[in-house]
Amino acid sequence: MTVVPSLLLKQLYTHGSLKNTEQGLSFSIKNRLSDATLSGIFSIKINGQEVSLQDVSIDLLDRVLRPADINAQNPVDFPLRKTFNVLIKAEALPEGKHSLEIGFEVSPFGKLELQVDDSIKKEDQNRIKIPRDDKDDYSPEAIKARQKFVEEFAGVKLQHIPQYSFDPHTTQGNCEHFTGVAQVPLGFAGPLRINGEHAQGDFLIPLATSEGTLVASYNRGIQVLNASGGAKCTVIGDAMQRAPVFVFEDARGARDFAKWVQANFTKIAQEAEATSSVAKLSDIDTYLSNKFAFLRFNYTTGDAAGQNMVGRATFAACSWILDHYEGQRIVNFYLESNFATDKKASQINVMRTRGKRVVAEAIIPRDVLIQKMRVEPEKLAYHGLIANVGAILSGANNNGLHSANAITAMFIATGQDVANVSESSAGVIYSELTPERDLYISITIPSLIIATHGGGVGLATQNECLQVLGCTGRGSVNKLAEIIAGTVLAGEISLASAISSSDWVSSHEKYGRNR
């Protein structure tokens, strides 16, 4: 029998599902653990009062059963992500908080007793609701209803938003209230030569953007890199975090807890990794302040970006910790303390890595730089020294030029979580003159958060772009990281040269919106 930590057990209940109905009450249970079999429901209490099981029905969505119909001889499949609704003939509950206790038996977990609080909310009868279909919210009828709603509400006839070329059901899990598409111009630059450990060869670079001169600028930098033999790219780090915080009565309690966590790392890792076949817990960094113990769980997540994966794994680990720590009382616990700095630029991610840490570097021959960019290596290197001072004075997370441009355009094209640009755009650029008076230049991207599995990378046009890059299938995420890094380096060379040679404004006049 598998023991389920109490905090994890509460996740089986769907919060916000408690409702008054015409027949009585209802709430929902969803399997968020693993594939299982429901073999009995033996008790239900509401606000401490036992509910007669004769007044209970179990709606499995495809059929409705009585608790007496479910037993060891007649179990019900309860696979992962399966939901069943509990329907109760009872008096309506008043608005406000209520306690529920549900006892049921599930193989392989045995008898489980779930205790949660939920509330009956006051329904706002005047609230304007976007149309949705509980049975199939991605059906043509549901989508057309939303399109009509938008047109009537905004007074705008939708001509382009409804035009798409894929099955809307493929967006389930990526977009709620699907109504249509936002079409972003897509251009290709390259091919770019990458000399990586995972990406080797020439690659066309998809860039989804509305910024004039962007594709042209990267294409120009790619020509320089190719004429120099290509970009040498190396993945040097891999980590994805979740950072819970435990609150104690005093600093000594936090200190002793941190020592206990390190002493019990092996068991904590087992609990975390049991939630995923991919996530592996590398280590736990502990940071103590005041009476708080901040834990930074560091994982590898395969081809997935992994934020949701590591959140689930860390929640399971912390559930075990809360059930087994016998030191000073834990006053409070939060799964995320803002210390993972999800969707935010931070110094800790620059130093410690979040996502992939990747370097792109090249030696640009003197003649190539002068002939193609009309700038000498000495001038670029000197310009870089001055720009470093500007970056320090401004407090920027990047001493380079515009890594966010390539990263954002490639993120949109390949279905990445675009908000991760806030972290992924951090960059450390370095250049020097070689003894031959050529230019060595490199950029380190310390927190490139990308995926080739999960998230939005399976969507129609996004997956096509990944196919163009040869970055689909198992083991392709580091290849994508090297290609993105090489593209970033091309953009740094192009823009730095344009500014140093005073071509920047004239390029925008020729190719941009000012033309």
# chains A, B, ... in the order shown; residues from 1 in each chain; ligands from 1
>>> closest_atom_pairs(of="segment 330-391 of chain A", to="segment 489-493 of chain A", cutoff="12 Å", atoms="only C-alpha atoms", output="Markdown table")
| residue | atom | partner | partner_atom | distance |
| --- | --- | --- | --- | --- |
| A:Val358 | CA | A:Leu489 | CA | 11.4 |
| A:Val359 | CA | A:Leu489 | CA | 9.2 |
| A:Ala360 | CA | A:Leu489 | CA | 6.4 |
| A:Glu361 | CA | A:Leu489 | CA | 7.3 |
| A:Ala362 | CA | A:Leu489 | CA | 8.6 |
| A:Ile363 | CA | A:Ile493 | CA | 11.2 |
| A:Ile364 | CA | A:Ile493 | CA | 9.5 |
| A:Val368 | CA | A:Ile493 | CA | 11.9 |
| A:Leu369 | CA | A:Ile493 | CA | 9.4 |
| A:Lys372 | CA | A:Ile493 | CA | 11.1 |
| A:Met373 | CA | A:Ile493 | CA | 9.1 |
| A:Val375 | CA | A:Ile493 | CA | 10.8 |
| A:Pro377 | CA | A:Ile493 | CA | 11.0 |
| A:Leu380 | CA | A:Ile493 | CA | 9.1 |
| A:Ala381 | CA | A:Ile493 | CA | 11.2 |
| A:Gly384 | CA | A:Glu492 | CA | 10.9 |
>>> residues_around(residues="Glu273 of chain A", least_positions_apart="3", cutoff="12 Å", atoms="only C-alpha atoms", output="short mmCIF file (atom, residue, chain, number, x, y, z; two decimals) with N, CA and C atoms, in the first residue's frame")
data_model
loop_
_atom_site.label_atom_id
_atom_site.label_comp_id
_atom_site.auth_asym_id
_atom_site.auth_seq_id
_atom_site.Cartn_x
_atom_site.Cartn_y
_atom_site.Cartn_z
N PHE A 265 17.89 14.14 2.52
CA PHE A 265 17.75 14.46 1.10
C PHE A 265 17.33 13.23 0.28
N THR A 266 17.89 12.07 0.55
CA THR A 266 17.61 10.88 -0.26
C THR A 266 16.12 10.55 -0.24
N LYS A 267 15.50 10.57 0.94
CA LYS A 267 14.08 10.26 1.05
C LYS A 267 13.23 11.35 0.42
N ILE A 268 13.63 12.61 0.62
CA ILE A 268 12.89 13.72 0.01
C ILE A 268 12.91 13.60 -1.52
N ALA A 269 14.07 13.24 -2.07
CA ALA A 269 14.19 13.06 -3.51
C ALA A 269 13.29 11.93 -4.00
N GLN A 270 13.20 10.85 -3.25
CA GLN A 270 12.33 9.74 -3.63
C GLN A 270 10.88 10.19 -3.73
N SER A 276 6.93 11.81 -11.14
CA SER A 276 7.30 12.01 -12.55
C SER A 276 8.31 10.96 -12.98
N SER A 277 8.22 10.56 -14.22
CA SER A 277 9.22 9.64 -14.78
C SER A 277 10.41 10.41 -15.35
N VAL A 278 10.32 11.74 -15.34
CA VAL A 278 11.34 12.58 -15.97
C VAL A 278 12.12 13.41 -14.95
N ALA A 279 11.39 14.06 -14.05
CA ALA A 279 12.03 14.99 -13.11
C ALA A 279 12.99 14.26 -12.17
N LYS A 280 14.20 14.80 -12.04
CA LYS A 280 15.20 14.26 -11.12
C LYS A 280 15.70 15.40 -10.23
N LEU A 281 15.63 15.19 -8.93
CA LEU A 281 16.05 16.21 -7.97
C LEU A 281 17.56 16.15 -7.80
N SER A 282 18.25 17.19 -8.24
CA SER A 282 19.71 17.22 -8.19
C SER A 282 20.21 17.56 -6.79
N PHE A 297 14.67 23.87 -4.56
CA PHE A 297 14.76 22.53 -5.12
C PHE A 297 15.23 22.64 -6.57
N ASN A 298 16.32 21.99 -6.90
CA ASN A 298 16.89 22.04 -8.25
C ASN A 298 16.71 20.70 -8.97
N TYR A 299 16.05 20.73 -10.11
CA TYR A 299 15.73 19.52 -10.87
C TYR A 299 16.32 19.58 -12.28
N THR A 300 16.46 18.41 -12.89
CA THR A 300 16.55 18.31 -14.34
C THR A 300 15.20 17.77 -14.81
N THR A 301 14.76 18.23 -16.01
CA THR A 301 13.39 17.93 -16.45
C THR A 301 13.33 17.42 -17.89
N MET A 309 5.94 20.56 -13.72
CA MET A 309 6.47 19.27 -13.28
C MET A 309 7.16 19.40 -11.93
N VAL A 310 8.03 20.40 -11.78
CA VAL A 310 8.76 20.54 -10.53
C VAL A 310 7.87 21.09 -9.42
N GLY A 311 6.82 21.83 -9.80
CA GLY A 311 5.87 22.26 -8.79
C GLY A 311 5.16 21.08 -8.16
N ARG A 312 4.73 20.14 -8.99
CA ARG A 312 4.06 18.95 -8.50
C ARG A 312 5.02 18.09 -7.67
N ALA A 313 6.26 17.94 -8.14
CA ALA A 313 7.23 17.12 -7.42
C ALA A 313 7.59 17.73 -6.07
N THR A 314 7.77 19.04 -6.04
CA THR A 314 8.14 19.71 -4.79
C THR A 314 6.98 19.69 -3.81
N PHE A 315 5.76 19.81 -4.33
CA PHE A 315 4.60 19.72 -3.44
C PHE A 315 4.54 18.36 -2.75
N ALA A 316 4.82 17.29 -3.51
CA ALA A 316 4.82 15.95 -2.91
C ALA A 316 5.93 15.82 -1.88
N ALA A 317 7.11 16.36 -2.18
CA ALA A 317 8.22 16.29 -1.24
C ALA A 317 7.91 17.06 0.04
#
>>> atom_distance(atom1="atom CA of Phe153 of chain A", atom2="atom CA of Ala182 of chain A")
19.0 Å
>>> residues_around(residues="segment 71-87 of chain A", least_positions_apart="3", cutoff="8 Å", atoms="only C-alpha atoms", output="ChimeraX atom specification")
/A:24-40,56-61,68
>>> closest_residue(among="A:Gly390, A:Gly190, A:Gly400, A:Pro67", to="Ile445 of chain A", atoms="only C-alpha atoms")
A:Gly400
>>> residues_around(residues="segment 164-173 of chain A", least_positions_apart="6", cutoff="12 Å", atoms="only C-alpha atoms", output="compact mmCIF listing (two decimals) with C-alpha atoms, in the first residue's frame")
# COMPACT_ATOMS: atom_id res chain seq x y z
CA ASP A 136 -16.77 20.19 -25.23
CA ASP A 137 -15.53 23.77 -25.04
CA TYR A 138 -13.46 23.33 -28.23
CA SER A 139 -16.34 22.32 -30.47
CA PRO A 140 -17.24 24.46 -33.50
CA GLU A 141 -20.49 25.46 -31.78
CA ALA A 142 -18.74 26.63 -28.59
CA ILE A 143 -16.15 28.60 -30.57
CA LYS A 144 -18.76 30.25 -32.81
CA THR A 179 -11.94 31.88 -29.90
CA GLY A 180 -9.43 32.08 -32.75
CA VAL A 181 -5.83 32.98 -33.44
CA ALA A 182 -3.49 35.97 -33.33
CA GLN A 183 -1.43 35.80 -36.50
CA GLY A 415 5.63 27.50 -28.90
CA GLY A 454 4.93 19.62 -23.45
CA GLY A 455 3.49 23.11 -23.22
CA GLY A 456 2.80 24.80 -26.54
CA VAL A 457 5.44 23.05 -28.65
CA GLY A 458 2.92 20.57 -30.02
CA LEU A 459 0.67 23.25 -31.52
CA ALA A 460 0.39 23.20 -35.30
CA THR A 461 2.57 26.04 -36.61
CA GLN A 462 4.90 25.94 -33.62
CA ASN A 463 5.64 22.27 -34.12
>>> closest_residue(among="A:Val488, A:Leu480, A:Leu335, A:Ala274", to="Pro244 of chain A", atoms="only C-alpha atoms")
A:Leu335
>>> residues_around(residues="Ile222 of chain A", least_positions_apart="4", cutoff="9 Å", atoms="only C-alpha atoms", output="PyMOL selection string")
chain A and resi 189-193+217-218+226-227+230+486-487+489-491+493-494
>>> select_by_dssp(residues="segment 253-336 of chain A", states="strand (DSSP E or B)", output="JSON, numbers by chain")
{"A": [280, 281, 282, 283, 284, 285, 286, 287, 288, 289, 292, 293, 294, 295, 296, 297, 298, 299, 300, 332, 333, 334]}
>>> select_by_dssp(residues="segment 142-206 of chain A", states="helix (DSSP H, G or I)", output="number ranges by chain")
A: 142-154, 168-171
>>> atom_distance(atom1="atom CA of Ala231 of chain A", atom2="atom CA of Gln200 of chain A")
9.9 Å
>>> residues_around(residues="segment 201-214 of chain A", least_positions_apart="6", cutoff="9 Å", atoms="only C-alpha atoms", output="PDB file with N, CA, C and O atoms, in the first residue's frame")
ATOM      1  N   VAL A 184       0.934  36.224 -36.198  1.00  0.00           N
ATOM      2  CA  VAL A 184       2.154  37.017 -36.074  1.00  0.00           C
ATOM      3  C   VAL A 184       3.010  36.754 -37.312  1.00  0.00           C
ATOM      4  O   VAL A 184       3.209  35.594 -37.696  1.00  0.00           O
ATOM      5  N   PRO A 185       3.532  37.793 -37.958  1.00  0.00           N
ATOM      6  CA  PRO A 185       4.393  37.561 -39.122  1.00  0.00           C
ATOM      7  C   PRO A 185       5.581  36.670 -38.763  1.00  0.00           C
ATOM      8  O   PRO A 185       6.172  36.805 -37.685  1.00  0.00           O
ATOM      9  N   LEU A 186       5.912  35.769 -39.668  1.00  0.00           N
ATOM     10  CA  LEU A 186       7.017  34.829 -39.450  1.00  0.00           C
ATOM     11  C   LEU A 186       8.001  34.932 -40.607  1.00  0.00           C
ATOM     12  O   LEU A 186       7.627  34.785 -41.767  1.00  0.00           O
ATOM     13  N   GLY A 187       9.261  35.193 -40.263  1.00  0.00           N
ATOM     14  CA  GLY A 187      10.311  35.222 -41.279  1.00  0.00           C
ATOM     15  C   GLY A 187      11.415  34.253 -40.908  1.00  0.00           C
ATOM     16  O   GLY A 187      11.555  33.866 -39.746  1.00  0.00           O
ATOM     17  N   PHE A 188      12.187  33.845 -41.899  1.00  0.00           N
ATOM     18  CA  PHE A 188      13.314  32.951 -41.649  1.00  0.00           C
ATOM     19  C   PHE A 188      14.612  33.690 -41.939  1.00  0.00           C
ATOM     20  O   PHE A 188      14.711  34.456 -42.895  1.00  0.00           O
ATOM     21  N   ALA A 189      15.593  33.452 -41.075  1.00  0.00           N
ATOM     22  CA  ALA A 189      16.942  33.950 -41.301  1.00  0.00           C
ATOM     23  C   ALA A 189      17.869  32.748 -41.460  1.00  0.00           C
ATOM     24  O   ALA A 189      17.549  31.644 -41.031  1.00  0.00           O
ATOM     25  N   GLY A 190      19.034  33.019 -42.068  1.00  0.00           N
ATOM     26  CA  GLY A 190      19.980  31.925 -42.181  1.00  0.00           C
ATOM     27  C   GLY A 190      20.119  31.407 -43.597  1.00  0.00           C
ATOM     28  O   GLY A 190      19.789  32.097 -44.557  1.00  0.00           O
ATOM     29  N   PRO A 191      20.586  30.135 -43.685  1.00  0.00           N
ATOM     30  CA  PRO A 191      20.876  29.202 -42.590  1.00  0.00           C
ATOM     31  C   PRO A 191      22.094  29.621 -41.760  1.00  0.00           C
ATOM     32  O   PRO A 191      23.015  30.260 -42.265  1.00  0.00           O
ATOM     33  N   LEU A 192      22.058  29.260 -40.479  1.00  0.00           N
ATOM     34  CA  LEU A 192      23.120  29.557 -39.529  1.00  0.00           C
ATOM     35  C   LEU A 192      23.902  28.279 -39.235  1.00  0.00           C
ATOM     36  O   LEU A 192      23.302  27.246 -38.924  1.00  0.00           O
ATOM     37  N   ARG A 193      25.194  28.367 -39.296  1.00  0.00           N
ATOM     38  CA  ARG A 193      26.037  27.205 -39.000  1.00  0.00           C
ATOM     39  C   ARG A 193      26.295  27.137 -37.491  1.00  0.00           C
ATOM     40  O   ARG A 193      26.807  28.080 -36.890  1.00  0.00           O
ATOM     41  N   ILE A 194      25.929  26.005 -36.900  1.00  0.00           N
ATOM     42  CA  ILE A 194      26.133  25.777 -35.469  1.00  0.00           C
ATOM     43  C   ILE A 194      27.127  24.627 -35.297  1.00  0.00           C
ATOM     44  O   ILE A 194      26.929  23.534 -35.851  1.00  0.00           O
ATOM     45  N   ASN A 195      28.171  24.880 -34.535  1.00  0.00           N
ATOM     46  CA  ASN A 195      29.146  23.847 -34.185  1.00  0.00           C
ATOM     47  C   ASN A 195      28.961  23.517 -32.712  1.00  0.00           C
ATOM     48  O   ASN A 195      29.715  23.971 -31.852  1.00  0.00           O
ATOM     49  N   GLY A 230      31.120  29.654 -38.247  1.00  0.00           N
ATOM     50  CA  GLY A 230      29.936  29.298 -37.480  1.00  0.00           C
ATOM     51  C   GLY A 230      30.081  29.618 -36.008  1.00  0.00           C
ATOM     52  O   GLY A 230      31.119  30.103 -35.541  1.00  0.00           O
ATOM     53  N   ASN A 405      15.383  39.967 -28.256  1.00  0.00           N
ATOM     54  CA  ASN A 405      14.772  39.976 -29.588  1.00  0.00           C
ATOM     55  C   ASN A 405      14.761  38.581 -30.213  1.00  0.00           C
ATOM     56  O   ASN A 405      13.727  38.090 -30.667  1.00  0.00           O
ATOM     57  N   ALA A 406      15.926  37.936 -30.258  1.00  0.00           N
ATOM     58  CA  ALA A 406      15.994  36.595 -30.846  1.00  0.00           C
ATOM     59  C   ALA A 406      15.195  35.603 -30.018  1.00  0.00           C
ATOM     60  O   ALA A 406      14.470  34.759 -30.554  1.00  0.00           O
ATOM     61  N   ILE A 407      15.330  35.709 -28.698  1.00  0.00           N
ATOM     62  CA  ILE A 407      14.678  34.739 -27.822  1.00  0.00           C
ATOM     63  C   ILE A 407      13.166  34.862 -27.928  1.00  0.00           C
ATOM     64  O   ILE A 407      12.446  33.859 -28.055  1.00  0.00           O
ATOM     65  N   THR A 408      12.638  36.084 -27.913  1.00  0.00           N
ATOM     66  CA  THR A 408      11.187  36.271 -28.020  1.00  0.00           C
ATOM     67  C   THR A 408      10.668  35.782 -29.366  1.00  0.00           C
ATOM     68  O   THR A 408       9.658  35.062 -29.434  1.00  0.00           O
ATOM     69  N   ALA A 409      11.336  36.167 -30.441  1.00  0.00           N
ATOM     70  CA  ALA A 409      10.874  35.783 -31.775  1.00  0.00           C
ATOM     71  C   ALA A 409      10.918  34.271 -31.969  1.00  0.00           C
ATOM     72  O   ALA A 409      10.013  33.678 -32.574  1.00  0.00           O
ATOM     73  N   MET A 410      11.951  33.615 -31.437  1.00  0.00           N
ATOM     74  CA  MET A 410      12.024  32.156 -31.558  1.00  0.00           C
ATOM     75  C   MET A 410      11.065  31.476 -30.591  1.00  0.00           C
ATOM     76  O   MET A 410      10.531  30.404 -30.886  1.00  0.00           O
ATOM     77  N   PHE A 411      10.833  32.077 -29.423  1.00  0.00           N
ATOM     78  CA  PHE A 411       9.861  31.518 -28.480  1.00  0.00           C
ATOM     79  C   PHE A 411       8.470  31.494 -29.094  1.00  0.00           C
ATOM     80  O   PHE A 411       7.746  30.495 -28.993  1.00  0.00           O
ATOM     81  N   ILE A 412       8.065  32.602 -29.711  1.00  0.00           N
ATOM     82  CA  ILE A 412       6.737  32.653 -30.323  1.00  0.00           C
ATOM     83  C   ILE A 412       6.648  31.645 -31.472  1.00  0.00           C
ATOM     84  O   ILE A 412       5.661  30.921 -31.612  1.00  0.00           O
ATOM     85  N   ALA A 413       7.703  31.567 -32.268  1.00  0.00           N
ATOM     86  CA  ALA A 413       7.691  30.668 -33.426  1.00  0.00           C
ATOM     87  C   ALA A 413       7.637  29.206 -33.025  1.00  0.00           C
ATOM     88  O   ALA A 413       7.029  28.387 -33.724  1.00  0.00           O
ATOM     89  N   THR A 414       8.266  28.840 -31.900  1.00  0.00           N
ATOM     90  CA  THR A 414       8.396  27.424 -31.532  1.00  0.00           C
ATOM     91  C   THR A 414       7.514  27.012 -30.356  1.00  0.00           C
ATOM     92  O   THR A 414       7.649  25.908 -29.850  1.00  0.00           O
ATOM     93  N   CYS A 465       7.687  24.702 -37.001  1.00  0.00           N
ATOM     94  CA  CYS A 465       8.958  25.426 -36.875  1.00  0.00           C
ATOM     95  C   CYS A 465      10.014  24.562 -36.191  1.00  0.00           C
ATOM     96  O   CYS A 465      11.187  24.577 -36.584  1.00  0.00           O
ATOM     97  N   LEU A 466       9.597  23.813 -35.177  1.00  0.00           N
ATOM     98  CA  LEU A 466      10.543  22.904 -34.525  1.00  0.00           C
ATOM     99  C   LEU A 466      11.002  21.811 -35.486  1.00  0.00           C
ATOM    100  O   LEU A 466      12.169  21.392 -35.457  1.00  0.00           O
ATOM    101  N   VAL A 468      11.343  22.199 -38.701  1.00  0.00           N
ATOM    102  CA  VAL A 468      12.311  22.855 -39.589  1.00  0.00           C
ATOM    103  C   VAL A 468      13.694  22.879 -38.936  1.00  0.00           C
ATOM    104  O   VAL A 468      14.721  22.694 -39.597  1.00  0.00           O
ATOM    105  N   LEU A 469      13.717  23.066 -37.618  1.00  0.00           N
ATOM    106  CA  LEU A 469      14.976  23.094 -36.871  1.00  0.00           C
ATOM    107  C   LEU A 469      15.502  21.696 -36.546  1.00  0.00           C
ATOM    108  O   LEU A 469      16.630  21.559 -36.068  1.00  0.00           O
ATOM    109  N   GLY A 470      14.687  20.669 -36.791  1.00  0.00           N
ATOM    110  CA  GLY A 470      15.082  19.312 -36.418  1.00  0.00           C
ATOM    111  C   GLY A 470      15.086  19.108 -34.920  1.00  0.00           C
ATOM    112  O   GLY A 470      15.878  18.325 -34.389  1.00  0.00           O
ATOM    113  N   ILE A 483      20.997  26.209 -30.752  1.00  0.00           N
ATOM    114  CA  ILE A 483      20.580  26.988 -31.919  1.00  0.00           C
ATOM    115  C   ILE A 483      20.149  28.394 -31.495  1.00  0.00           C
ATOM    116  O   ILE A 483      20.503  29.393 -32.143  1.00  0.00           O
ATOM    117  N   ILE A 484      19.369  28.479 -30.418  1.00  0.00           N
ATOM    118  CA  ILE A 484      18.934  29.795 -29.933  1.00  0.00           C
ATOM    119  C   ILE A 484      20.140  30.635 -29.523  1.00  0.00           C
ATOM    120  O   ILE A 484      20.231  31.823 -29.856  1.00  0.00           O
ATOM    121  N   THR A 487      21.892  32.003 -32.491  1.00  0.00           N
ATOM    122  CA  THR A 487      21.118  33.089 -33.087  1.00  0.00           C
ATOM    123  C   THR A 487      21.295  34.375 -32.290  1.00  0.00           C
ATOM    124  O   THR A 487      21.441  35.470 -32.859  1.00  0.00           O
ATOM    125  N   GLY A 491      22.798  38.113 -33.516  1.00  0.00           N
ATOM    126  CA  GLY A 491      22.144  39.405 -33.311  1.00  0.00           C
ATOM    127  C   GLY A 491      23.015  40.394 -32.572  1.00  0.00           C
ATOM    128  O   GLY A 491      22.979  41.604 -32.856  1.00  0.00           O
ATOM    129  N   SER A 507      19.583  51.765 -41.154  1.00  0.00           N
ATOM    130  CA  SER A 507      18.967  50.453 -41.410  1.00  0.00           C
ATOM    131  C   SER A 507      17.473  50.492 -41.119  1.00  0.00           C
ATOM    132  O   SER A 507      16.661  49.955 -41.874  1.00  0.00           O
ATOM    133  N   HIS A 508      17.105  51.125 -40.014  1.00  0.00           N
ATOM    134  CA  HIS A 508      15.681  51.231 -39.697  1.00  0.00           C
ATOM    135  C   HIS A 508      14.957  52.104 -40.721  1.00  0.00           C
ATOM    136  O   HIS A 508      13.802  51.847 -41.061  1.00  0.00           O
ATOM    137  N   LYS A 510      15.677  52.255 -43.810  1.00  0.00           N
ATOM    138  CA  LYS A 510      15.568  51.502 -45.062  1.00  0.00           C
ATOM    139  C   LYS A 510      14.557  50.367 -44.956  1.00  0.00           C
ATOM    140  O   LYS A 510      13.761  50.138 -45.871  1.00  0.00           O
ATOM    141  N   TYR A 511      14.588  49.615 -43.796  1.00  0.00           N
ATOM    142  CA  TYR A 511      13.779  48.391 -43.700  1.00  0.00           C
ATOM    143  C   TYR A 511      12.603  48.490 -42.724  1.00  0.00           C
ATOM    144  O   TYR A 511      11.693  47.681 -42.770  1.00  0.00           O
ATOM    145  N   GLY A 512      12.658  49.453 -41.816  1.00  0.00           N
ATOM    146  CA  GLY A 512      11.672  49.482 -40.745  1.00  0.00           C
ATOM    147  C   GLY A 512      10.423  50.265 -41.090  1.00  0.00           C
ATOM    148  O   GLY A 512      10.155  50.609 -42.250  1.00  0.00           O
ATOM    149  N   ARG A 513       9.660  50.617 -40.053  1.00  0.00           N
ATOM    150  CA  ARG A 513       8.381  51.270 -40.246  1.00  0.00           C
ATOM    151  C   ARG A 513       8.518  52.713 -40.741  1.00  0.00           C
ATOM    152  O   ARG A 513       7.549  53.320 -41.171  1.00  0.00           O
TER     153      ARG A 513
END
>>> residues_around(residues="Leu322 of chain A", least_positions_apart="5", cutoff="12 Å", atoms="only C-alpha atoms", output="PDB file with N, CA and C atoms, in the first residue's frame")
ATOM      1  N   PRO A   5       0.908  11.415   1.523  1.00  0.00           N
ATOM      2  CA  PRO A   5       1.049  12.509   2.492  1.00  0.00           C
ATOM      3  C   PRO A   5      -0.230  13.340   2.572  1.00  0.00           C
ATOM      4  N   SER A   6      -0.521  13.859   3.773  1.00  0.00           N
ATOM      5  CA  SER A   6      -1.794  14.538   4.012  1.00  0.00           C
ATOM      6  C   SER A   6      -1.988  15.755   3.107  1.00  0.00           C
ATOM      7  N   LEU A   7      -0.932  16.528   2.875  1.00  0.00           N
ATOM      8  CA  LEU A   7      -1.057  17.712   2.041  1.00  0.00           C
ATOM      9  C   LEU A   7      -1.358  17.332   0.598  1.00  0.00           C
ATOM     10  N   LEU A   8      -0.744  16.249   0.134  1.00  0.00           N
ATOM     11  CA  LEU A   8      -0.982  15.782  -1.223  1.00  0.00           C
ATOM     12  C   LEU A   8      -2.382  15.214  -1.372  1.00  0.00           C
ATOM     13  N   VAL A 245       9.001  27.903   1.121  1.00  0.00           N
ATOM     14  CA  VAL A 245       9.515  28.498   2.356  1.00  0.00           C
ATOM     15  C   VAL A 245       8.758  27.904   3.535  1.00  0.00           C
ATOM     16  N   PHE A 246       9.511  27.595   4.597  1.00  0.00           N
ATOM     17  CA  PHE A 246       8.947  27.090   5.841  1.00  0.00           C
ATOM     18  C   PHE A 246       9.170  28.138   6.924  1.00  0.00           C
ATOM     19  N   VAL A 247       8.107  28.455   7.649  1.00  0.00           N
ATOM     20  CA  VAL A 247       8.151  29.502   8.672  1.00  0.00           C
ATOM     21  C   VAL A 247       8.186  28.857  10.051  1.00  0.00           C
ATOM     22  N   PHE A 257      15.960  22.939  11.065  1.00  0.00           N
ATOM     23  CA  PHE A 257      15.179  22.336   9.987  1.00  0.00           C
ATOM     24  C   PHE A 257      16.033  22.194   8.722  1.00  0.00           C
ATOM     25  N   VAL A 261      16.755  18.753   6.612  1.00  0.00           N
ATOM     26  CA  VAL A 261      16.453  18.583   5.188  1.00  0.00           C
ATOM     27  C   VAL A 261      17.644  17.981   4.465  1.00  0.00           C
ATOM     28  N   ILE A 268      13.626  12.607   0.617  1.00  0.00           N
ATOM     29  CA  ILE A 268      12.891  13.716   0.011  1.00  0.00           C
ATOM     30  C   ILE A 268      12.914  13.596  -1.515  1.00  0.00           C
ATOM     31  N   PHE A 315       5.764  19.807  -4.326  1.00  0.00           N
ATOM     32  CA  PHE A 315       4.597  19.723  -3.444  1.00  0.00           C
ATOM     33  C   PHE A 315       4.540  18.364  -2.755  1.00  0.00           C
ATOM     34  N   ALA A 316       4.817  17.293  -3.506  1.00  0.00           N
ATOM     35  CA  ALA A 316       4.820  15.946  -2.915  1.00  0.00           C
ATOM     36  C   ALA A 316       5.927  15.824  -1.878  1.00  0.00           C
ATOM     37  N   ALA A 317       7.111  16.362  -2.182  1.00  0.00           N
ATOM     38  CA  ALA A 317       8.223  16.288  -1.235  1.00  0.00           C
ATOM     39  C   ALA A 317       7.913  17.055   0.039  1.00  0.00           C
ATOM     40  N   GLY A 327      10.949  18.281  14.537  1.00  0.00           N
ATOM     41  CA  GLY A 327      11.618  19.356  15.255  1.00  0.00           C
ATOM     42  C   GLY A 327      10.635  20.428  15.663  1.00  0.00           C
ATOM     43  N   GLN A 328      11.148  21.653  15.792  1.00  0.00           N
ATOM     44  CA  GLN A 328      10.292  22.768  16.194  1.00  0.00           C
ATOM     45  C   GLN A 328       9.100  22.893  15.257  1.00  0.00           C
ATOM     46  N   ARG A 329       7.962  23.276  15.796  1.00  0.00           N
ATOM     47  CA  ARG A 329       6.720  23.355  15.032  1.00  0.00           C
ATOM     48  C   ARG A 329       6.889  24.256  13.807  1.00  0.00           C
ATOM     49  N   ILE A 330       6.412  23.745  12.682  1.00  0.00           N
ATOM     50  CA  ILE A 330       6.372  24.547  11.464  1.00  0.00           C
ATOM     51  C   ILE A 330       5.122  25.417  11.532  1.00  0.00           C
ATOM     52  N   VAL A 331       5.324  26.718  11.622  1.00  0.00           N
ATOM     53  CA  VAL A 331       4.209  27.648  11.794  1.00  0.00           C
ATOM     54  C   VAL A 331       3.415  27.786  10.502  1.00  0.00           C
ATOM     55  N   ASN A 332       4.128  27.804   9.380  1.00  0.00           N
ATOM     56  CA  ASN A 332       3.462  27.975   8.096  1.00  0.00           C
ATOM     57  C   ASN A 332       4.342  27.446   6.982  1.00  0.00           C
ATOM     58  N   PHE A 333       3.734  27.211   5.847  1.00  0.00           N
ATOM     59  CA  PHE A 333       4.443  26.679   4.682  1.00  0.00           C
ATOM     60  C   PHE A 333       3.796  27.224   3.429  1.00  0.00           C
ATOM     61  N   TYR A 334       4.638  27.627   2.452  1.00  0.00           N
ATOM     62  CA  TYR A 334       4.150  28.067   1.149  1.00  0.00           C
ATOM     63  C   TYR A 334       4.970  27.371   0.074  1.00  0.00           C
ATOM     64  N   LEU A 335       4.296  26.817  -0.918  1.00  0.00           N
ATOM     65  CA  LEU A 335       4.996  26.057  -1.962  1.00  0.00           C
ATOM     66  C   LEU A 335       5.946  26.940  -2.761  1.00  0.00           C
TER      67      LEU A 335
END
>>> atom_distance(atom1="atom CA of Tyr325 of chain A", atom2="atom CA of Asn290 of chain A")
20.0 Å
